[in-house]
Amino acid sequence: MACAAGIGVTMARRPVKGRLVAVDGAQADTVKGTARTVSTECRPRAAVSHEGASGIFDDIAAGDPGAGRPSARTLLLLYAADLAFRLRWEIGPALEEGRSVVVAPYVDTAIAVGRAAGLPRSWLVDLFAFAPKPSERRVVTMRADEISPGRARGFVDLACRSMAGSATPDEFARTVGRHLTPRRR
């Protein structure tokens, strides 16, 4: 397994001692609950890193509605910036110490949001190429009728409210869920 030695546009890779567990899904509260469960299964207990650690998404949510909605590309670039922040200040140091880290959500959720918004998969994979591959990956799947962005605030919910376009937020969240498959990136 490799981890970022430094965060930036390009990142050097080096072996790490810890274990990175990715938890992805379309429903923020379910992803966070699964992350808590997974972290308690790790011995010793794993650290958990959630999106928004940099404060970027809080700033967007608190922004003036008259400023307009961010585009899909803008939101995904901000997600990548937030993930880079988390890798530098939360995830990377814990892995270097030999700890396990549960990251919820991780890259596959962002890629699914981008695909649901109609962005090319190749652009999305390139955008997140800096992120280390997880040691373990869990995808929280739900039936389409269970996915509702109003149940909890998170990146998918923010994207639903910002990018739903002609689809309702519920339809957008279900589309994100369909793009989350058990395949490896």
# chains A, B, ... in the order shown; residues from 1 in each chain; ligands from 1
call {"tool": "residues_around", "arguments": {"residues": "Glu96 (chain A)", "least_positions_apart": "3", "cutoff": "7 Å", "atoms": "only C-alpha atoms", "output": "ChimeraX atom specification"}}
result
/A:16-18,92-93
call {"tool": "closest_residue", "arguments": {"among": "A:Ala26, A:Leu124, A:Ile60, A:Leu77", "to": "Phe172 (chain A)", "atoms": "only C-alpha atoms"}}
result
A:Ala26
call {"tool": "residues_around", "arguments": {"residues": "Gly118 (chain A)", "least_positions_apart": "5", "cutoff": "10 Å", "atoms": "only C-alpha atoms", "output": "tab-separated table (two decimals) with N, CA and C atoms, in the first residue's frame"}}
result
chain	number	residue	atom	x	y	z
A	72	ALA	N	-20.91	21.25	-11.05
A	72	ALA	CA	-20.45	19.92	-10.67
A	72	ALA	C	-18.92	19.89	-10.58
A	112	ALA	N	-18.95	8.89	-8.06
A	112	ALA	CA	-20.36	8.61	-8.33
A	112	ALA	C	-21.17	9.90	-8.46
A	113	VAL	N	-20.88	10.89	-7.63
A	113	VAL	CA	-21.55	12.19	-7.75
A	113	VAL	C	-21.24	12.81	-9.11
call {"tool": "atom_distance", "arguments": {"atom1": "CA of Gly68 (chain A)", "atom2": "CA of Cys160 (chain A)"}}
result
14.4 Å
call {"tool": "select_by_dssp", "arguments": {"residues": "region 25-165 of chain A", "states": "helix (DSSP H, G or I)", "output": "ChimeraX atom specification"}}
result
/A:28-41,56-62,65-67,72-96,107-116,121-127,144-146,149-151,155-163
call {"tool": "atom_distance", "arguments": {"atom1": "CA of Ala131 (chain A)", "atom2": "CA of Ala94 (chain A)"}}
result
15.2 Å
call {"tool": "closest_residue", "arguments": {"among": "A:Glu51, A:Asp170, A:Asp59, A:Glu136", "to": "Lys32 (chain A)", "atoms": "only C-alpha atoms"}}
result
A:Glu51
call {"tool": "atom_distance", "arguments": {"atom1": "CA of Ser135 (chain A)", "atom2": "CA of Ala22 (chain A)"}}
result
8.0 Å
call {"tool": "residues_around", "arguments": {"residues": "Leu180 (chain A)", "least_positions_apart": "5", "cutoff": "10 Å", "atoms": "only C-alpha atoms", "output": "list in words"}}
result
Asp24, Gly25, Ala26, Asp108, Thr109, Ala110, Ile111, Ala112, Val113, Arg115, Val139, Val140, Thr141 and Thr175 of chain A
call {"tool": "closest_residue", "arguments": {"among": "A:Ala104, A:Pro65, A:Val125, A:Gly55", "to": "Asp82 (chain A)", "atoms": "only C-alpha atoms"}}
result
A:Gly55
